[in-house]
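Visitor: Take a look at run-v1.json, JSON, C-alpha atoms and all ligand atoms:
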[["chain", "number", "residue", "atom", "x", "y", "z"],
["A", 225, "MET", "CA", 78.03, 142.40, 115.13],
["A", 226, "ASN", "CA", 76.33, 145.38, 116.71],
["A", 227, "TYR", "CA", 76.90, 145.47, 120.46],
["A", 228, "LYS", "CA", 74.94, 148.69, 120.80],
["A", 229, "PHE", "CA", 71.61, 146.86, 120.76],
["A", 230, "CYS", "CA", 72.71, 143.99, 122.89],
["A", 231, "ARG", "CA", 73.56, 145.07, 126.42],
["A", 232, "GLN", "CA", 72.83, 143.85, 129.91],
["A", 233, "HIS", "CA", 70.21, 145.77, 131.87],
["A", 234, "THR", "CA", 69.29, 146.35, 135.50],
["A", 235, "VAL", "CA", 66.39, 148.19, 137.09],
["A", 236, "SER", "CA", 66.81, 151.98, 137.11],
["A", 237, "SER", "CA", 65.54, 152.49, 140.64],
["A", 238, "GLU", "CA", 64.57, 150.57, 143.75],
["A", 239, "VAL", "CA", 60.94, 149.44, 143.94],
["A", 240, "TRP", "CA", 58.94, 147.76, 146.68],
["A", 241, "CYS", "CA", 55.80, 145.66, 146.99],
["A", 242, "LYS", "CA", 54.04, 143.44, 149.49],
["A", 243, "GLY", "CA", 51.99, 140.26, 149.09],
["A", 244, "ILE", "CA", 51.50, 136.82, 150.58],
["A", 245, "GLY", "CA", 53.48, 133.61, 150.20],
["A", 246, "LEU", "CA", 51.77, 130.65, 148.52],
["A", 247, "HIS", "CA", 53.09, 128.05, 150.97],
["A", 248, "SER", "CA", 52.91, 129.89, 154.27],
["A", 249, "GLY", "CA", 50.10, 132.33, 153.59],
["A", 250, "ALA", "CA", 52.22, 134.87, 155.50],
["A", 251, "LYS", "CA", 52.80, 138.45, 154.36],
["A", 252, "VAL", "CA", 56.13, 139.14, 152.71],
["A", 253, "SER", "CA", 57.61, 142.32, 151.31],
["A", 254, "MET", "CA", 59.93, 142.36, 148.32],
["A", 255, "ARG", "CA", 62.35, 144.99, 147.04],
["A", 256, "LEU", "CA", 64.02, 145.03, 143.64],
["A", 257, "LYS", "CA", 67.33, 146.91, 143.69],
["A", 258, "PRO", "CA", 69.71, 147.92, 140.88],
["A", 259, "ALA", "CA", 72.75, 145.63, 140.59],
["A", 260, "PRO", "CA", 76.07, 145.88, 138.71],
["A", 261, "VAL", "CA", 76.90, 144.27, 135.40],
["A", 262, "ASN", "CA", 77.41, 140.44, 135.48],
["A", 263, "TYR", "CA", 75.68, 140.28, 138.90],
["A", 264, "GLY", "CA", 72.77, 138.15, 137.70],
["A", 265, "VAL", "CA", 69.67, 137.73, 139.88],
["A", 266, "ARG", "CA", 70.31, 137.25, 143.58],
["A", 267, "PHE", "CA", 67.87, 136.87, 146.45],
["A", 268, "ARG", "CA", 68.61, 138.24, 149.91],
["A", 269, "ARG", "CA", 66.76, 137.20, 153.07],
["A", 270, "VAL", "CA", 66.79, 140.41, 155.10],
["A", 271, "ASP", "CA", 64.79, 138.72, 157.90],
["A", 272, "LEU", "CA", 67.72, 136.44, 158.77],
["A", 273, "THR", "CA", 70.90, 137.23, 160.67],
["A", 274, "GLY", "CA", 73.61, 138.40, 158.30],
["A", 275, "SER", "CA", 71.06, 138.82, 155.46],
["A", 276, "PRO", "CA", 72.30, 135.79, 153.48],
["A", 277, "THR", "CA", 72.17, 135.97, 149.69],
["A", 278, "ILE", "CA", 71.42, 133.15, 147.22],
["A", 279, "ILE", "CA", 72.30, 133.34, 143.54],
["A", 280, "ALA", "CA", 69.32, 132.41, 141.37],
["A", 281, "HIS", "CA", 70.82, 129.35, 139.70],
["A", 282, "PHE", "CA", 69.44, 125.95, 138.70],
["A", 283, "HIS", "CA", 72.13, 124.20, 140.76],
["A", 284, "HIS", "CA", 70.58, 125.83, 143.82],
["A", 285, "VAL", "CA", 67.12, 124.31, 143.24],
["A", 286, "VAL", "CA", 66.27, 122.26, 146.33],
["A", 287, "ASP", "CA", 62.56, 121.55, 145.84],
["A", 288, "THR", "CA", 60.20, 121.42, 142.86],
["A", 289, "VAL", "CA", 56.93, 120.36, 144.54],
["A", 290, "LEU", "CA", 54.23, 122.95, 143.69],
["A", 291, "ALA", "CA", 56.85, 125.58, 142.82],
["A", 292, "THR", "CA", 60.59, 126.06, 142.36],
["A", 293, "ARG", "CA", 62.50, 126.64, 145.59],
["A", 294, "ILE", "CA", 66.17, 127.58, 145.67],
["A", 295, "GLY", "CA", 68.44, 127.20, 148.68],
["A", 296, "PHE", "CA", 72.01, 127.43, 149.85],
["A", 297, "ASN", "CA", 73.51, 126.61, 153.26],
["A", 298, "GLY", "CA", 70.06, 125.89, 154.66],
["A", 299, "VAL", "CA", 68.57, 129.23, 153.57],
["A", 300, "THR", "CA", 65.75, 128.92, 151.05],
["A", 301, "ILE", "CA", 63.55, 131.08, 148.81],
["A", 302, "ALA", "CA", 60.37, 129.51, 147.42],
["A", 303, "THR", "CA", 58.28, 130.23, 144.32],
["A", 304, "VAL", "CA", 60.95, 132.08, 142.35],
["A", 305, "GLU", "CA", 59.81, 131.02, 138.87],
["A", 306, "HIS", "CA", 57.19, 133.64, 138.00],
["A", 307, "LEU", "CA", 59.47, 136.50, 139.04],
["A", 308, "MET", "CA", 62.39, 134.93, 137.16],
["A", 309, "ALA", "CA", 60.22, 134.70, 134.03],
["A", 310, "ALA", "CA", 59.13, 138.34, 134.42],
["A", 311, "LEU", "CA", 62.76, 139.47, 134.71],
["A", 312, "LEU", "CA", 63.84, 137.50, 131.64],
["A", 313, "GLY", "CA", 60.72, 138.55, 129.72],
["A", 314, "SER", "CA", 61.38, 142.22, 130.59],
["A", 315, "GLY", "CA", 65.06, 142.11, 129.68],
["A", 316, "ILE", "CA", 66.44, 142.53, 133.22],
["A", 317, "ASP", "CA", 69.76, 140.68, 133.63],
["A", 318, "ASN", "CA", 71.02, 142.03, 136.96],
["A", 319, "VAL", "CA", 68.97, 142.70, 140.09],
["A", 320, "LEU", "CA", 69.06, 142.17, 143.84],
["A", 321, "VAL", "CA", 65.75, 140.87, 145.21],
["A", 322, "GLU", "CA", 65.34, 141.46, 148.93],
["A", 323, "LEU", "CA", 62.68, 139.54, 150.84],
["A", 324, "ASN", "CA", 61.73, 139.56, 154.51],
["A", 325, "GLY", "CA", 60.46, 135.98, 154.38],
["A", 326, "PRO", "CA", 61.08, 132.60, 152.73],
["A", 327, "GLU", "CA", 58.89, 133.13, 149.64],
["A", 328, "VAL", "CA", 58.43, 135.46, 146.71],
["A", 329, "PRO", "CA", 54.92, 136.95, 147.05],
["A", 330, "ILE", "CA", 52.52, 135.06, 144.77],
["A", 331, "PHE", "CA", 50.18, 137.95, 143.88],
["A", 332, "ASP", "CA", 47.61, 136.67, 141.37],
["A", 333, "GLY", "CA", 49.61, 133.53, 140.43],
["A", 334, "SER", "CA", 50.86, 135.08, 137.18],
["A", 335, "ALA", "CA", 53.80, 137.36, 136.30],
["A", 336, "ALA", "CA", 51.62, 140.45, 135.75],
["A", 337, "HIS", "CA", 52.37, 142.16, 139.04],
["A", 338, "TYR", "CA", 56.13, 141.72, 138.65],
["A", 339, "ILE", "CA", 55.94, 143.20, 135.14],
["A", 340, "ALA", "CA", 54.16, 146.25, 136.54],
["A", 341, "LEU", "CA", 56.80, 146.54, 139.28],
["A", 342, "ILE", "CA", 59.69, 146.33, 136.77],
["A", 343, "GLN", "CA", 57.93, 148.90, 134.63],
["A", 344, "GLU", "CA", 57.67, 151.21, 137.65],
["A", 345, "ALA", "CA", 61.41, 150.73, 138.36],
["A", 346, "GLY", "CA", 62.49, 151.44, 134.79],
["A", 347, "ARG", "CA", 65.26, 149.70, 132.89],
["A", 348, "GLN", "CA", 68.91, 150.81, 132.84],
["A", 349, "GLU", "CA", 71.33, 149.78, 130.11],
["A", 350, "GLN", "CA", 74.75, 148.57, 131.27],
["A", 351, "ALA", "CA", 78.21, 148.40, 129.74],
["A", 352, "LEU", "CA", 78.55, 144.76, 128.67],
["A", 353, "PRO", "CA", 76.59, 142.39, 126.43],
["A", 354, "PRO", "CA", 74.60, 139.57, 128.06],
["A", 355, "GLN", "CA", 75.59, 135.93, 127.88],
["A", 356, "TYR", "CA", 73.46, 133.58, 125.82],
["A", 357, "LEU", "CA", 72.97, 129.89, 126.33],
["A", 358, "ARG", "CA", 72.72, 128.53, 122.82],
["A", 359, "ILE", "CA", 71.54, 125.03, 121.92],
["A", 360, "GLU", "CA", 74.07, 123.49, 119.52],
["A", 361, "LYS", "CA", 72.76, 119.91, 119.05],
["A", 362, "PRO", "CA", 69.41, 118.23, 119.69],
["A", 363, "PHE", "CA", 69.08, 117.26, 123.35],
["A", 364, "PHE", "CA", 66.28, 115.23, 124.91],
["A", 365, "VAL", "CA", 65.16, 114.28, 128.42],
["A", 366, "SER", "CA", 62.04, 112.36, 129.39],
["A", 367, "GLU", "CA", 60.19, 110.87, 132.29],
["A", 368, "GLY", "CA", 57.27, 108.58, 131.53],
["A", 369, "ASP", "CA", 55.41, 110.27, 128.68],
["A", 370, "ALA", "CA", 56.72, 113.73, 129.65],
["A", 371, "PHE", "CA", 59.65, 115.09, 127.68],
["A", 372, "ILE", "CA", 61.69, 118.16, 126.79],
["A", 373, "LYS", "CA", 63.46, 118.33, 123.45],
["A", 374, "ALA", "CA", 65.84, 121.18, 122.64],
["A", 375, "THR", "CA", 67.08, 121.91, 119.11],
["A", 376, "PRO", "CA", 69.23, 124.71, 117.66],
["A", 377, "SER", "CA", 67.46, 127.90, 116.62],
["A", 378, "GLU", "CA", 68.49, 131.53, 116.22],
["A", 379, "ARG", "CA", 65.62, 132.54, 118.51],
["A", 380, "PHE", "CA", 64.24, 131.45, 121.84],
["A", 381, "GLN", "CA", 60.98, 129.63, 121.20],
["A", 382, "VAL", "CA", 58.87, 127.21, 123.22],
["A", 383, "ARG", "CA", 56.19, 124.80, 122.05],
["A", 384, "TYR", "CA", 54.39, 123.34, 125.05],
["A", 385, "THR", "CA", 51.65, 120.72, 125.20],
["A", 386, "ILE", "CA", 49.68, 119.56, 128.22],
["A", 387, "ASP", "CA", 47.00, 116.91, 128.53],
["A", 388, "PHE", "CA", 44.91, 116.88, 131.71],
["A", 389, "PRO", "CA", 41.92, 114.54, 131.96],
["A", 390, "HIS", "CA", 39.51, 117.35, 132.75],
["A", 391, "ARG", "CA", 36.80, 118.70, 130.48],
["A", 392, "LEU", "CA", 37.94, 122.31, 131.01],
["A", 393, "VAL", "CA", 41.60, 121.63, 130.23],
["A", 394, "GLY", "CA", 42.16, 118.52, 128.11],
["A", 395, "ARG", "CA", 44.92, 118.79, 125.52],
["A", 396, "GLN", "CA", 46.30, 122.27, 124.98],
["A", 397, "GLU", "CA", 49.21, 123.31, 122.79],
["A", 398, "TYR", "CA", 50.84, 126.69, 122.39],
["A", 399, "THR", "CA", 53.92, 127.99, 120.58],
["A", 400, "TRP", "CA", 55.61, 131.14, 121.79],
["A", 401, "PHE", "CA", 58.50, 133.12, 120.27],
["A", 402, "PHE", "CA", 60.54, 135.32, 122.53],
["A", 403, "ASP", "CA", 60.35, 139.03, 122.54],
["A", 404, "SER", "CA", 59.16, 140.98, 125.53],
["A", 405, "HIS", "CA", 56.12, 142.15, 123.55],
["A", 406, "ALA", "CA", 55.00, 138.55, 123.16],
["A", 407, "PHE", "CA", 55.86, 137.71, 126.77],
["A", 408, "HIS", "CA", 53.80, 140.53, 128.21],
["A", 409, "ARG", "CA", 50.88, 140.02, 125.84],
["A", 410, "GLU", "CA", 50.68, 136.23, 125.60],
["A", 411, "ILE", "CA", 52.26, 134.74, 128.72],
["A", 412, "ALA", "CA", 52.64, 137.15, 131.63],
["A", 413, "ARG", "CA", 48.97, 137.19, 132.71],
["A", 414, "ALA", "CA", 48.44, 133.42, 132.68],
["A", 415, "ARG", "CA", 47.85, 132.16, 136.23],
["A", 416, "THR", "CA", 48.78, 129.04, 138.12],
["A", 417, "PHE", "CA", 45.97, 126.49, 138.03],
["A", 418, "GLY", "CA", 44.84, 123.61, 140.17],
["A", 419, "PHE", "CA", 42.00, 121.25, 140.94],
["A", 420, "LEU", "CA", 39.95, 121.91, 144.05],
["A", 421, "LYS", "CA", 40.44, 118.42, 145.45],
["A", 422, "ASP", "CA", 44.23, 118.76, 145.06],
["A", 423, "VAL", "CA", 44.26, 122.17, 146.71],
["A", 424, "GLU", "CA", 42.21, 120.82, 149.63],
["A", 425, "LYS", "CA", 44.53, 117.84, 149.97],
["A", 426, "LEU", "CA", 47.64, 120.04, 149.95],
["A", 427, "GLN", "CA", 46.14, 122.37, 152.53],
["A", 428, "SER", "CA", 45.24, 119.44, 154.80],
["A", 429, "MET", "CA", 48.95, 118.53, 154.64],
["A", 430, "GLY", "CA", 49.93, 122.06, 155.70],
["A", 431, "MET", "CA", 51.00, 123.12, 152.20],
["A", 432, "ALA", "CA", 49.70, 125.90, 149.95],
["A", 433, "GLN", "CA", 48.30, 127.73, 152.98],
["A", 434, "GLY", "CA", 48.20, 130.95, 150.95],
["A", 435, "GLY", "CA", 46.48, 129.29, 147.98],
["A", 436, "SER", "CA", 43.11, 130.80, 147.10],
["A", 437, "LEU", "CA", 40.99, 131.97, 144.20],
["A", 438, "ASP", "CA", 42.99, 135.21, 144.39],
["A", 439, "ASN", "CA", 46.17, 133.52, 143.18],
["A", 440, "ALA", "CA", 45.20, 130.52, 141.06],
["A", 441, "VAL", "CA", 42.62, 129.31, 138.60],
["A", 442, "VAL", "CA", 40.80, 126.55, 140.49],
["A", 443, "PHE", "CA", 38.42, 123.96, 138.99],
["A", 444, "ASP", "CA", 36.00, 121.54, 140.55],
["A", 445, "ASP", "CA", 34.81, 118.61, 138.42],
["A", 446, "TYR", "CA", 32.59, 120.83, 136.26],
["A", 447, "LYS", "CA", 33.58, 124.47, 136.28],
["A", 448, "VAL", "CA", 36.11, 127.19, 137.03],
["A", 449, "LEU", "CA", 35.44, 128.50, 140.53],
["A", 450, "ASN", "CA", 37.00, 131.94, 139.96],
["A", 451, "ARG", "CA", 34.43, 134.60, 139.09],
["A", 452, "GLU", "CA", 36.80, 136.02, 136.45],
["A", 453, "GLY", "CA", 36.92, 132.68, 134.62],
["A", 454, "PHE", "CA", 39.83, 132.11, 132.24],
["A", 455, "ARG", "CA", 41.92, 135.03, 130.98],
["A", 456, "TYR", "CA", 42.71, 133.02, 127.85],
["A", 457, "SER", "CA", 40.88, 129.94, 126.63],
["A", 458, "ASN", "CA", 44.22, 128.08, 126.89],
["A", 459, "GLU", "CA", 45.46, 129.85, 130.03],
["A", 460, "CYS", "CA", 46.78, 126.58, 131.51],
["A", 461, "VAL", "CA", 49.31, 125.81, 128.77],
["A", 462, "ARG", "CA", 50.35, 129.47, 128.66],
["A", 463, "HIS", "CA", 51.07, 129.27, 132.37],
["A", 464, "LYS", "CA", 53.19, 126.16, 131.79],
["A", 465, "ILE", "CA", 55.27, 128.23, 129.34],
["A", 466, "LEU", "CA", 55.59, 130.92, 132.01],
["A", 467, "ASP", "CA", 56.89, 128.30, 134.45],
["A", 468, "PHE", "CA", 59.30, 126.90, 131.85],
["A", 469, "ILE", "CA", 60.71, 130.36, 131.03],
["A", 470, "GLY", "CA", 61.15, 131.07, 134.74],
["A", 471, "ASP", "CA", 62.91, 127.77, 135.36],
["A", 472, "LEU", "CA", 65.21, 128.27, 132.35],
["A", 473, "ALA", "CA", 66.00, 131.79, 133.56],
["A", 474, "LEU", "CA", 67.85, 130.02, 136.39],
["A", 475, "THR", "CA", 70.70, 129.53, 133.91],
["A", 476, "GLY", "CA", 71.47, 133.21, 134.54],
["A", 477, "MET", "CA", 71.61, 133.67, 130.78],
["A", 478, "GLN", "CA", 69.39, 134.62, 127.91],
["A", 479, "LEU", "CA", 68.46, 131.73, 125.65],
["A", 480, "GLN", "CA", 68.73, 130.71, 122.03],
["A", 481, "GLY", "CA", 67.05, 127.49, 121.05],
["A", 482, "ASN", "CA", 63.81, 125.77, 120.18],
["A", 483, "PHE", "CA", 62.25, 123.90, 123.10],
["A", 484, "GLU", "CA", 59.48, 121.36, 122.64],
["A", 485, "VAL", "CA", 57.97, 120.47, 126.00],
["A", 486, "HIS", "CA", 55.30, 117.86, 126.69],
["A", 487, "LYS", "CA", 53.52, 117.39, 130.04],
["A", 488, "ALA", "CA", 56.56, 118.50, 132.04],
["A", 489, "GLY", "CA", 56.80, 120.41, 135.31],
["A", 490, "HIS", "CA", 59.34, 122.12, 137.55],
["A", 491, "ALA", "CA", 61.16, 118.86, 138.34],
["A", 492, "LEU", "CA", 61.74, 117.90, 134.71],
["A", 493, "HIS", "CA", 62.57, 121.51, 133.74],
["A", 494, "ASN", "CA", 65.33, 121.43, 136.35],
["A", 495, "ARG", "CA", 66.59, 117.96, 135.44],
["A", 496, "PHE", "CA", 66.74, 119.01, 131.79],
["A", 497, "LEU", "CA", 69.06, 121.92, 132.63],
["A", 498, "LYS", "CA", 71.24, 119.90, 134.97],
["A", 499, "GLN", "CA", 71.71, 117.17, 132.37],
["A", 500, "LEU", "CA", 72.20, 119.54, 129.45],
["A", 501, "MET", "CA", 74.91, 121.46, 131.27],
["A", 502, "THR", "CA", 76.94, 118.30, 131.76],
["A", 503, "LYS", "CA", 77.08, 117.86, 127.95],
["A", 504, "PRO", "CA", 79.47, 120.38, 126.43],
["A", 505, "GLY", "CA", 78.98, 120.38, 122.70],
["A", 506, "TYR", "CA", 75.21, 120.24, 123.03],
["A", 507, "TYR", "CA", 75.21, 123.87, 124.17],
["A", 508, "ALA", "CA", 77.49, 126.88, 123.92],
["A", 509, "VAL", "CA", 77.72, 130.06, 125.94],
["A", 510, "GLN", "CA", 77.95, 133.12, 123.73],
["A", 511, "ALA", "CA", 78.03, 136.86, 124.09],
["A", 512, "PRO", "CA", 76.38, 138.57, 122.45],
["A", 513, "ALA", "CA", 73.73, 136.75, 120.45],
["A", 514, "ALA", "CA", 73.65, 136.79, 116.70],
["A", 515, "ALA", "CA", 70.00, 137.82, 116.86],
["A", 516, "PRO", "CA", 69.29, 139.63, 120.13],
["A", 517, "PRO", "CA", 65.65, 139.86, 121.17],
["A", 518, "THR", "CA", 63.91, 143.18, 120.85],
["A", 519, "TYR", "CA", 62.63, 144.90, 123.97],
["A", 520, "PHE", "CA", 59.30, 146.70, 123.98],
["A", 521, "PRO", "CA", 58.36, 148.58, 127.17],
["A", 522, "PRO", "CA", 55.03, 147.14, 128.34],
["A", 523, "ALA", "CA", 53.51, 150.61, 128.50],
["A", 524, "SER", "CA", 53.92, 150.79, 124.72],
["A", 525, "LEU", "CA", 51.52, 147.91, 124.27],
["A", 526, "PRO", "CA", 47.99, 149.11, 123.71],
["A", 527, "GLY", "CA", 45.81, 147.96, 126.57],
["A", 528, "PHE", "CA", 48.46, 146.09, 128.57],
["A", 529, "MET", "CA", 48.70, 148.48, 131.51],
["A", 530, "ASP", "CA", 44.91, 149.00, 131.42],
["A", 531, "SER", "CA", 44.45, 145.26, 131.58],
["A", 532, "LEU", "CA", 46.59, 145.17, 134.71],
["A", 533, "GLN", "CA", 44.30, 147.51, 136.58],
["A", 534, "HIS", "CA", 41.88, 144.75, 137.43],
["A", 535, "VAL", "CA", 44.59, 142.13, 137.77],
["A", 536, "VAL", "CA", 46.83, 143.83, 140.30],
["A", 537, "LYS", "CA", 45.17, 144.50, 143.60],
["A", 538, "PRO", "CA", 46.15, 147.59, 145.56],
["A", 539, "LEU", "CA", 48.76, 146.74, 148.20],
["A", 601, "ZN", "ZN", 53.68, 128.61, 137.92]]
Please go through the file and, once you have read it, give me the structure as structure tokens.
Guide:
Amino acid sequence: MNYKFCRQHTVSSEVWCKGIGLHSGAKVSMRLKPAPVNYGVRFRRVDLTGSPTIIAHFHHVVDTVLATRIGFNGVTIATVEHLMAALLGSGIDNVLVELNGPEVPIFDGSAAHYIALIQEAGRQEQALPPQYLRIEKPFFVSEGDAFIKATPSERFQVRYTIDFPHRLVGRQEYTWFFDSHAFHREIARARTFGFLKDVEKLQSMGMAQGGSLDNAVVFDDYKVLNREGFRYSNECVRHKILDFIGDLALTGMQLQGNFEVHKAGHALHNRFLKQLMTKPGYYAVQAPAAAPPTYFPPASLPGFMDSLQHVVKPL
């Protein structure tokens, strides 16, 4: 087994950005800082006394309405999933994320801005191999007609289907195989989506105060309200894969398995992990993987950084 090509990574340098929170609509600044081997992803609230830190872990998920929120000892960080997906998709295992508010900035509702930030920071190889969560036996959770089925596979792959009763969405299905090339090209730019009447209802309840056409694809009964339209014809199901990757990244491990997901959401993603991890024998933790994923710097992808120019707004 060749350990040389299978090491943990952190960011090479500290990087900073500023955006707004989806729930509060308030400005928040975020710093990514290099972290030692086996540190994982941790969030630090620098706006609070003592700057408390929360480990990004599925056992710390305290809320899954609209987005995934983690918390510990009463301190919470909301909307972690798109950043978590970007870190996993970019091959970053260890990083300290400092925030001066209770939410990760939403940016355009996709992972594109985080990818650009990680690219700016650079990627530093570390001394040890990463841990892999490997599916050993078929495992299934469901709720109503929604389900997640995991089966053994040498690679990390996700087949997701959604079915919304809306003429612009309907049934969509997409299969994605992990490497960072595929993540950046196929998944990272897919935005959160919602229906206008739902957004209005949430906002009347004091939620999603930062939600706007700048950070979600929004439909009325007939059309997409964003001037840009869809970035992919099946942007919605691609975004669901982004959410799923981000929620699974809360294992703190890289993944090996085939995941078939139907009409799920953050709540079922989280329940799946919590139930799976109580079933030794259905999964194994390994280091390193038999078939480690290949990392491609996003800048090496023709057109990717160009495509970001109109996606990422100047801060
Ligand atoms: Zn999302």
Visitor: Give me, please, the distance in Å between atom CA of A:Asp332 and atom CA of A:Phe296, quoted to one decimal.
Guide: 27.4 Å
Visitor: Dump the neighbourhood of ligand ZN 601 (chain A) as number ranges by chain: all residues within 7 Å, distances computed on only C-alpha atoms and all ligand atoms.
Guide: A: 291, 305-306, 333, 416, 463-464, 466-467
Visitor: Would you mind reading off the distance between atom CA of A:Ser248 and atom CA of A:Ile411, one decimal, in Å?
Guide: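 Interatomic distance, atom CA of A:Ser248 to atom CA of A:Ile411: 26.0 Å.
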Visitor: Here is a test: counting all atoms listed in the file, which residue of A:Gly325, A:Pro376, A:Gly435, A:Pro504 is nearest to A:Phe267?
Guide: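 Between A:Gly325, A:Pro376, A:Gly435, A:Pro504, the residue approaching A:Phe267 most closely is A:Gly325.
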Visitor: Which residue is closest to A:Pro329? Choose from A:Ala508, A:Ala345, A:Ala302, A:Leu437 and count all atoms listed in the file.
Guide: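 Ranked by minimum distance to A:Pro329, first place goes to A:Ala302.
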Visitor: Quick one: everything within 8 Å of stretch 381-389 of chain A, counting only C-alpha atoms, minus sequence neighbours fewer than 5 positions away in the same chain. Send it as a PyMOL selection string.
Guide: chain A and resi 394-402+461+464-465+480-488
Visitor: Give me, as a tab-separated table, each residue of stretch 343-435 of chain A that comes within 12 Å of stretch 227-244 of chain A, together with its shortest interatomic pair and the distance in Å at one decimal, counting all atoms listed in the file, with rows ordered by chain and rising residue number.
Guide:
residue	atom	partner	partner_atom	distance
A:Gln343	CA	A:Val235	CA	8.8
A:Glu344	CA	A:Val239	CA	7.3
A:Ala345	CA	A:Ser237	CA	5.0
A:Gly346	CA	A:Ser236	CA	4.9
A:Arg347	CA	A:Val235	CA	4.6
A:Gln348	CA	A:Ser236	CA	4.9
A:Glu349	CA	A:His233	CA	4.5
A:Gln350	CA	A:Gln232	CA	5.3
A:Ala351	CA	A:Arg231	CA	6.6
A:Leu352	CA	A:Arg231	CA	5.5
A:Pro353	CA	A:Arg231	CA	4.0
A:Pro354	CA	A:Gln232	CA	5.0
A:Gln355	CA	A:Gln232	CA	8.6
A:Tyr356	CA	A:Cys230	CA	10.8
A:Ala432	CA	A:Ile244	CA	11.1
A:Gln433	CA	A:Ile244	CA	9.9
A:Gly434	CA	A:Ile244	CA	6.7
A:Gly435	CA	A:Ile244	CA	9.4
Visitor: All heavy atoms for stretch 495-500 of chain A, written as a compact mmCIF listing (two decimals), in the coordinates of the input, could you do that?
Guide:
# COMPACT_ATOMS: atom_id res chain seq x y z
N ARG A 495 65.74 119.09 135.83
CA ARG A 495 66.59 117.96 135.44
C ARG A 495 67.14 118.16 134.02
O ARG A 495 68.28 117.83 133.73
CB ARG A 495 65.79 116.65 135.53
CG ARG A 495 66.66 115.42 135.31
CD ARG A 495 66.05 114.20 135.97
NE ARG A 495 64.88 113.68 135.30
CZ ARG A 495 64.91 112.94 134.18
NH1 ARG A 495 66.06 112.65 133.61
NH2 ARG A 495 63.80 112.49 133.66
N PHE A 496 66.30 118.71 133.16
CA PHE A 496 66.74 119.01 131.79
C PHE A 496 67.98 119.91 131.82
O PHE A 496 68.99 119.62 131.16
CB PHE A 496 65.59 119.70 131.03
CG PHE A 496 66.01 120.38 129.77
CD1 PHE A 496 66.26 119.66 128.62
CD2 PHE A 496 66.15 121.77 129.73
CE1 PHE A 496 66.67 120.29 127.46
CE2 PHE A 496 66.55 122.40 128.57
CZ PHE A 496 66.81 121.65 127.43
N LEU A 497 67.92 120.99 132.58
CA LEU A 497 69.06 121.92 132.63
C LEU A 497 70.29 121.25 133.22
O LEU A 497 71.40 121.40 132.70
CB LEU A 497 68.70 123.15 133.48
CG LEU A 497 67.88 124.24 132.81
CD1 LEU A 497 67.71 125.40 133.76
CD2 LEU A 497 68.53 124.71 131.52
N LYS A 498 70.08 120.53 134.31
CA LYS A 498 71.24 119.90 134.97
C LYS A 498 71.92 118.90 134.04
O LYS A 498 73.14 118.82 133.98
CB LYS A 498 70.81 119.21 136.27
CG LYS A 498 70.57 120.21 137.40
CD LYS A 498 70.18 119.53 138.68
CE LYS A 498 70.15 120.54 139.82
NZ LYS A 498 69.42 120.04 140.98
N GLN A 499 71.12 118.15 133.28
CA GLN A 499 71.71 117.17 132.37
C GLN A 499 72.34 117.84 131.15
O GLN A 499 73.43 117.48 130.72
CB GLN A 499 70.67 116.14 131.94
CG GLN A 499 70.25 115.26 133.11
CD GLN A 499 69.38 114.08 132.69
OE1 GLN A 499 69.06 113.92 131.53
NE2 GLN A 499 68.99 113.28 133.67
N LEU A 500 71.65 118.83 130.61
CA LEU A 500 72.20 119.54 129.45
C LEU A 500 73.57 120.13 129.77
O LEU A 500 74.51 120.02 128.97
CB LEU A 500 71.23 120.66 129.02
CG LEU A 500 71.74 121.61 127.94
CD1 LEU A 500 71.87 120.89 126.60
CD2 LEU A 500 70.84 122.84 127.81
